[in-house]
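Colleague: Here you go, this is work-v8.json (JSON, C-alpha atoms).
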```json
[["chain", "number", "residue", "atom", "x", "y", "z"],
["K", 29, "MET", "CA", 111.79, 225.53, 41.84],
["K", 30, "ILE", "CA", 113.49, 227.05, 44.83],
["K", 31, "ALA", "CA", 114.55, 224.72, 47.62],
["K", 32, "PHE", "CA", 114.66, 225.93, 51.18],
["K", 33, "ALA", "CA", 116.82, 224.31, 53.83],
["K", 34, "VAL", "CA", 115.01, 224.07, 57.09],
["K", 35, "GLY", "CA", 117.17, 223.64, 60.16],
["K", 36, "ALA", "CA", 115.76, 222.15, 63.29],
["K", 37, "LEU", "CA", 116.85, 223.44, 66.63],
["K", 38, "PHE", "CA", 117.30, 220.87, 69.33],
["K", 39, "ALA", "CA", 117.40, 221.92, 72.94],
["K", 40, "THR", "CA", 119.83, 220.03, 75.13],
["K", 41, "ALA", "CA", 118.46, 218.95, 78.46],
["K", 42, "PRO", "CA", 120.48, 220.29, 81.38],
["K", 43, "SER", "CA", 122.72, 217.71, 83.00],
["K", 44, "SER", "CA", 121.71, 216.34, 86.37],
["K", 45, "PRO", "CA", 123.97, 216.40, 89.45],
["K", 46, "ALA", "CA", 124.37, 212.61, 89.06],
["K", 47, "ASP", "CA", 125.52, 213.06, 85.44],
["K", 48, "ASP", "CA", 127.99, 215.74, 86.52],
["K", 49, "ALA", "CA", 129.33, 213.48, 89.29],
["K", 50, "ASP", "CA", 129.72, 210.57, 86.84],
["K", 51, "ALA", "CA", 131.58, 212.80, 84.38],
["K", 52, "GLU", "CA", 133.88, 214.09, 87.11],
["K", 53, "ALA", "CA", 134.55, 210.56, 88.38],
["K", 54, "ALA", "CA", 135.44, 209.48, 84.85],
["K", 55, "ARG", "CA", 138.09, 212.21, 84.79],
["K", 56, "ALA", "CA", 139.44, 211.28, 88.23],
["K", 57, "VAL", "CA", 143.15, 210.91, 88.82],
["K", 58, "ASP", "CA", 144.31, 208.66, 91.67],
["K", 59, "ASN", "CA", 147.52, 210.11, 93.07],
["K", 60, "MET", "CA", 147.13, 208.78, 96.62],
["K", 61, "ILE", "CA", 149.76, 206.27, 97.72],
["K", 62, "PRO", "CA", 149.65, 203.45, 96.63],
["K", 63, "THR", "CA", 148.93, 203.87, 92.92],
["K", 64, "SER", "CA", 149.59, 201.48, 90.06],
["K", 65, "HIS", "CA", 152.75, 203.54, 89.35],
["K", 66, "TYR", "CA", 153.92, 204.14, 92.94],
["K", 67, "ASP", "CA", 153.63, 201.13, 95.21],
["K", 68, "VAL", "CA", 156.51, 201.62, 97.64],
["K", 69, "PRO", "CA", 156.14, 200.41, 101.25],
["K", 70, "CYS", "CA", 156.67, 203.21, 103.75],
["K", 71, "ARG", "CA", 160.11, 203.66, 105.29],
["K", 72, "LYS", "CA", 162.00, 206.57, 106.79],
["K", 73, "GLY", "CA", 162.92, 209.30, 104.32],
["K", 74, "ILE", "CA", 160.25, 208.74, 101.63],
["K", 75, "LEU", "CA", 156.63, 209.70, 100.91],
["K", 76, "CYS", "CA", 153.94, 207.79, 102.80],
["K", 77, "GLN", "CA", 150.34, 208.24, 103.94],
["K", 78, "THR", "CA", 149.68, 209.71, 107.36],
["K", 79, "ASP", "CA", 148.59, 206.96, 109.78],
["K", 80, "ASN", "CA", 144.89, 207.86, 110.26],
["K", 81, "ALA", "CA", 142.18, 210.48, 109.77],
["K", 82, "THR", "CA", 143.16, 212.39, 112.94],
["K", 83, "LEU", "CA", 145.72, 214.85, 111.59],
["K", 84, "THR", "CA", 147.70, 216.82, 114.19],
["K", 85, "TYR", "CA", 150.39, 219.33, 113.28],
["K", 86, "TYR", "CA", 153.04, 221.49, 114.93],
["K", 87, "MET", "CA", 154.98, 224.50, 113.63],
["K", 88, "ASP", "CA", 158.55, 225.05, 114.85],
["K", 89, "SER", "CA", 158.65, 228.13, 117.05],
["K", 90, "GLY", "CA", 162.23, 228.38, 118.25],
["K", 91, "GLY", "CA", 165.76, 228.43, 116.91],
["K", 92, "SER", "CA", 166.94, 228.46, 113.32],
["K", 93, "ASN", "CA", 164.04, 226.32, 112.03],
["K", 94, "ALA", "CA", 161.29, 228.55, 113.44],
["K", 95, "LEU", "CA", 158.49, 229.81, 111.23],
["K", 96, "GLU", "CA", 157.78, 233.54, 111.15],
["K", 97, "SER", "CA", 154.28, 234.73, 112.05],
["K", 98, "ASP", "CA", 153.19, 235.10, 108.40],
["K", 99, "ASP", "CA", 154.47, 231.58, 107.64],
["K", 100, "LYS", "CA", 152.42, 230.21, 110.52],
["K", 101, "ALA", "CA", 149.37, 232.10, 109.26],
["K", 102, "ALA", "CA", 149.80, 230.47, 105.83],
["K", 103, "VAL", "CA", 149.97, 226.99, 107.40],
["K", 104, "ARG", "CA", 146.92, 227.60, 109.61],
["K", 105, "ASP", "CA", 144.92, 228.98, 106.69],
["K", 106, "VAL", "CA", 145.71, 226.03, 104.40],
["K", 107, "LEU", "CA", 145.02, 223.41, 107.06],
["K", 108, "ASN", "CA", 141.72, 225.09, 108.02],
["K", 109, "SER", "CA", 140.46, 226.00, 104.55],
["K", 110, "GLN", "CA", 141.72, 223.05, 102.48],
["K", 111, "TYR", "CA", 142.22, 220.01, 104.71],
["K", 112, "ALA", "CA", 139.75, 220.48, 107.59],
["K", 113, "PRO", "CA", 136.70, 220.37, 105.26],
["K", 114, "THR", "CA", 137.73, 216.85, 104.12],
["K", 115, "ASP", "CA", 137.26, 213.65, 106.14],
["K", 116, "LEU", "CA", 140.50, 214.46, 107.98],
["K", 117, "SER", "CA", 140.09, 215.77, 111.53],
["K", 118, "VAL", "CA", 142.70, 218.56, 111.67],
["K", 119, "SER", "CA", 144.02, 220.14, 114.87],
["K", 120, "TYR", "CA", 147.07, 222.04, 116.06],
["K", 121, "ASP", "CA", 149.20, 220.24, 118.65],
["K", 122, "SER", "CA", 150.78, 222.86, 120.92],
["K", 123, "THR", "CA", 152.58, 220.16, 122.95],
["K", 124, "PRO", "CA", 153.96, 217.92, 120.20],
["K", 125, "SER", "CA", 154.87, 214.29, 120.77],
["K", 126, "TRP", "CA", 158.07, 212.96, 119.17],
["K", 127, "SER", "CA", 157.80, 209.31, 120.19],
["K", 128, "GLY", "CA", 155.31, 206.58, 121.01],
["K", 129, "ASP", "CA", 152.18, 205.50, 119.19],
["K", 130, "ALA", "CA", 150.54, 208.94, 118.98],
["K", 131, "GLU", "CA", 153.22, 211.22, 117.59],
["K", 132, "THR", "CA", 152.28, 214.61, 116.17],
["K", 133, "ASP", "CA", 151.52, 213.81, 112.52],
["K", 134, "ILE", "CA", 153.15, 216.73, 110.68],
["K", 135, "TYR", "CA", 156.06, 218.87, 111.85],
["K", 136, "TYR", "CA", 156.59, 222.08, 109.84],
["K", 137, "SER", "CA", 160.02, 223.72, 109.91],
["K", 138, "GLU", "CA", 161.95, 226.28, 107.90],
["K", 139, "GLY", "CA", 165.31, 225.57, 106.34],
["K", 140, "THR", "CA", 167.36, 224.93, 103.23],
["K", 141, "VAL", "CA", 166.08, 222.25, 100.86],
["K", 142, "SER", "CA", 168.57, 220.44, 98.64],
["K", 143, "GLY", "CA", 168.24, 220.64, 94.87],
["K", 144, "SER", "CA", 165.99, 223.06, 93.01],
["K", 145, "ASP", "CA", 162.82, 222.55, 95.08],
["K", 146, "ASN", "CA", 161.65, 225.02, 97.71],
["K", 147, "GLY", "CA", 159.87, 222.43, 99.87],
["K", 148, "PHE", "CA", 160.40, 218.84, 100.94],
["K", 149, "THR", "CA", 158.30, 216.26, 102.80],
["K", 150, "TYR", "CA", 159.35, 212.88, 104.15],
["K", 151, "CYS", "CA", 158.39, 210.24, 106.69],
["K", 152, "GLU", "CA", 160.42, 210.45, 109.90],
["K", 153, "ASN", "CA", 158.82, 207.51, 111.70],
["K", 154, "PRO", "CA", 157.00, 204.74, 109.77],
["K", 155, "ALA", "CA", 153.94, 203.27, 111.48],
["K", 156, "SER", "CA", 152.38, 199.83, 111.35],
["K", 157, "GLY", "CA", 150.64, 199.38, 108.01],
["K", 158, "VAL", "CA", 152.41, 199.05, 104.69],
["K", 159, "TYR", "CA", 152.04, 202.67, 103.54],
["K", 160, "LYS", "CA", 151.56, 204.51, 106.86],
["K", 161, "CYS", "CA", 153.76, 207.01, 108.65],
["K", 162, "ASP", "CA", 153.33, 208.12, 112.27],
["K", 163, "GLN", "CA", 155.21, 211.40, 111.84],
["K", 164, "GLN", "CA", 156.05, 213.39, 108.72],
["K", 165, "TYR", "CA", 158.44, 216.32, 108.39],
["K", 166, "VAL", "CA", 157.71, 219.26, 106.08],
["K", 167, "LYS", "CA", 160.53, 221.71, 105.41],
["K", 168, "ILE", "CA", 160.07, 224.88, 103.34],
["K", 169, "GLU", "CA", 162.75, 227.42, 102.51],
["K", 170, "PRO", "CA", 162.60, 230.97, 103.93],
["K", 171, "GLY", "CA", 160.48, 233.25, 101.76],
["K", 172, "TYR", "CA", 158.52, 230.42, 100.09],
["K", 173, "TRP", "CA", 155.67, 229.85, 102.54],
["K", 174, "SER", "CA", 152.90, 230.45, 99.99],
["K", 175, "SER", "CA", 149.49, 228.86, 100.41],
["K", 176, "GLY", "CA", 150.09, 226.82, 97.25],
["K", 177, "LEU", "CA", 153.39, 225.35, 98.44],
["K", 178, "VAL", "CA", 152.04, 224.67, 101.95],
["K", 179, "CYS", "CA", 149.07, 222.88, 100.36],
["K", 180, "HIS", "CA", 151.46, 220.91, 98.12],
["K", 181, "GLU", "CA", 153.82, 219.74, 100.87],
["K", 182, "THR", "CA", 150.92, 218.94, 103.20],
["K", 183, "GLY", "CA", 149.46, 216.91, 100.34],
["K", 184, "HIS", "CA", 152.62, 214.82, 100.26],
["K", 185, "ALA", "CA", 152.28, 214.34, 104.02],
["K", 186, "VAL", "CA", 148.81, 212.84, 103.64],
["K", 187, "GLY", "CA", 150.00, 210.59, 100.81],
["K", 188, "PHE", "CA", 149.80, 212.41, 97.46],
["K", 189, "VAL", "CA", 152.33, 211.84, 94.68],
["K", 190, "HIS", "CA", 152.94, 213.88, 91.53],
["K", 191, "GLY", "CA", 151.24, 213.28, 88.19],
["K", 192, "GLU", "CA", 154.04, 211.05, 86.87],
["K", 193, "ASP", "CA", 153.23, 208.52, 89.61],
["K", 194, "ALA", "CA", 149.44, 208.88, 89.43],
["K", 195, "SER", "CA", 146.98, 206.41, 87.97],
["K", 196, "PRO", "CA", 146.48, 207.13, 85.16],
["K", 197, "VAL", "CA", 149.76, 208.96, 84.64],
["K", 198, "VAL", "CA", 149.06, 212.62, 83.85],
["K", 199, "GLY", "CA", 151.19, 215.65, 83.11],
["K", 200, "MET", "CA", 152.92, 217.27, 86.04],
["K", 201, "GLN", "CA", 150.78, 220.40, 85.52],
["K", 202, "ASP", "CA", 147.44, 218.64, 84.94],
["K", 203, "SER", "CA", 144.65, 220.83, 86.37],
["K", 204, "ARG", "CA", 143.09, 217.87, 88.21],
["K", 205, "LEU", "CA", 146.12, 217.76, 90.51],
["K", 206, "GLY", "CA", 145.20, 221.09, 92.12],
["K", 207, "CYS", "CA", 147.99, 222.13, 94.47],
["K", 208, "MET", "CA", 149.82, 218.87, 93.74],
["K", 209, "LYS", "CA", 151.05, 220.24, 90.41],
["K", 210, "LYS", "CA", 154.83, 220.21, 90.27],
["K", 211, "SER", "CA", 154.96, 224.00, 89.84],
["K", 212, "VAL", "CA", 152.17, 225.24, 92.03],
["K", 213, "GLY", "CA", 150.65, 228.71, 92.17],
["K", 214, "SER", "CA", 147.84, 229.55, 94.54],
["K", 215, "GLU", "CA", 145.72, 226.44, 93.86],
["K", 216, "GLY", "CA", 143.95, 224.58, 96.62],
["K", 217, "LEU", "CA", 143.27, 220.86, 96.77],
["K", 218, "GLY", "CA", 140.49, 220.83, 94.17],
["K", 219, "SER", "CA", 137.66, 218.31, 93.99],
["K", 220, "ASN", "CA", 139.83, 215.44, 92.70],
["K", 221, "GLN", "CA", 142.19, 215.60, 95.71],
["K", 222, "VAL", "CA", 139.34, 216.02, 98.18],
["K", 223, "ARG", "CA", 137.74, 212.87, 96.76],
["K", 224, "ASN", "CA", 141.05, 210.97, 97.06],
["K", 225, "ILE", "CA", 141.43, 212.01, 100.72],
["K", 226, "ASN", "CA", 137.86, 211.08, 101.58],
["K", 227, "ASN", "CA", 138.15, 207.71, 99.83],
["K", 228, "THR", "CA", 141.32, 206.95, 101.81],
["K", 229, "TYR", "CA", 140.54, 208.29, 105.28]]
```
Translate the structure of the given file into structure tokens.
Modeller:
Amino acid sequence: MIAFAVGALFATAPSSPADDADAEAARAVDNMIPTSHYDVPCRKGILCQTDNATLTYYMDSGGSNALESDDKAAVRDVLNSQYAPTDLSVSYDSTPSWSGDAETDIYYSEGTVSGSDNGFTYCENPASGVYKCDQQYVKIEPGYWSSGLVCHETGHAVGFVHGEDASPVVGMQDSRLGCMKKSVGSEGLGSNQVRNINNTY
């Protein structure tokens, strides 16, 4: 007697958009201040959230900290293509404010950054609210104004931390971090970061 093995083929039903959204949410990484691993009240000189969903920015145009035209183009492109499509309302402030309750939110300048990093972001003027900052400074070294690094430092200015401070903690190069990877290439925000911004602002 000869036995035959009969294999049944089972078709898998395509996933629905709701299933895809649930799966993506299950893989979510929260790296927006505060997290369960970074719960530091805002003060001058550290990372904080920007103070509200209206995000104004200014690029230094004079003196030794001025951005070159291609640097400015990189900033404009990142703000328009990555941050403006989120729940943030992004606009350039050609007459920046350095004091009061409505300071320009992010000030971009060029200069030397201490240590091995090529960019640095910090709160210059904490606002009311535990984690909020009224004005953040972004400094990037000459020759390093890539879209990835501009996206990364702007991410810090809106409140993103690295993977080691995220919840859950993930590797510093985890793909869900998008441009918030420690060593960033040309990545944009990615869906995880967009969701974090929209949930916060």
Colleague: Do you know which residues are at most 12 Å from region 118-122 of chain K counting only C-alpha atoms, after dropping those on the same chain fewer than 6 positions away, and could you put them as a PyMOL selection string?
Modeller: chain K and resi 80-89+100+103-112+130-136+182+186
Colleague: Between CA of Thr78 (chain K) and CA of Gly157 (chain K), measure the distance and give it in Å to one decimal.
Modeller: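 Atom-to-atom, CA of Thr78 (chain K) and CA of Gly157 (chain K) are spaced 10.4 Å apart.
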Colleague: Quick one: residues within 12 Å of Ser156 (chain K), only C-alpha atoms, excluding same-chain residues fewer than 2 positions away - as number ranges by chain?
Modeller: K: 69-71, 76-80, 129, 153-154, 158-163
Colleague: Could you jot down the CA of Asn59 (chain K) to CA of Phe188 (chain K) separation for me, Å, one decimal place?
Modeller: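 Separation of CA of Asn59 (chain K) and CA of Phe188 (chain K): 5.5 Å.
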Colleague: At most 7 Å from (150.6, 232.9, 105.4), file frame, all atoms listed in the file: which residues, as a ChimeraX atom specification?
Modeller: /K:98-103,173-175
Colleague: Just checking: using all atoms listed in the file, which residue out of K:Cys151, K:Cys179, K:Ala56, K:Leu205 ends up closest to Gly191 (chain K)?
Modeller: K:Leu205
Colleague: Hey, what's within 6 Å of Lys167 (chain K) if we count all atoms listed in the file and toss same-chain stuff fewer than 3 positions away? As a list in words, please?
Modeller: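 These residues fall inside the cut-off: Tyr136, Ser137, Glu138, Gly147 and Phe148 of chain K.
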Colleague: Distance CA of Gly176 (chain K)-CA of Ile225 (chain K), one decimal place?
Modeller: 17.5 Å
Colleague: At a cut-off of 9 Å, using only C-alpha atoms, what residues contact Lys210 (chain K)? Leave out same-chain residues fewer than 6 positions from it and give the result as a PyMOL selection string.
Modeller: chain K and resi 180+190-191+200-201
Colleague: Using all atoms listed in the file, which of the listed residues (K:Ser97, K:Ser142, K:Arg55, K:Gln164) sits closest to Arg204 (chain K)?
Modeller: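 Of K:Ser97, K:Ser142, K:Arg55, K:Gln164, the one nearest Arg204 (chain K), counting all atoms listed in the file, is K:Arg55.
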Colleague: Between K:Met60, K:Val198, K:Leu95, K:Val141, which has the minimum distance to Gly183 (chain K) (counting all atoms listed in the file)?
Modeller: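 Looking only at the distances to Gly183 (chain K), the closest residue turns out to be K:Met60.
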Colleague: Using all atoms listed in the file, which residue out of K:Ser125, K:Ser92, K:Ser64, K:Asn146 lies closest to Val212 (chain K)?
Modeller: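 Result for the nearest residue to Val212 (chain K): K:Asn146.
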Colleague: Mind listing whatever residues come within 10 Å of the point (169.0, 212.7, 102.4)? Use all atoms listed in the file, file coordinates, and give them as JSON, numbers by chain.
Modeller: {"K": [73, 74, 142, 150]}
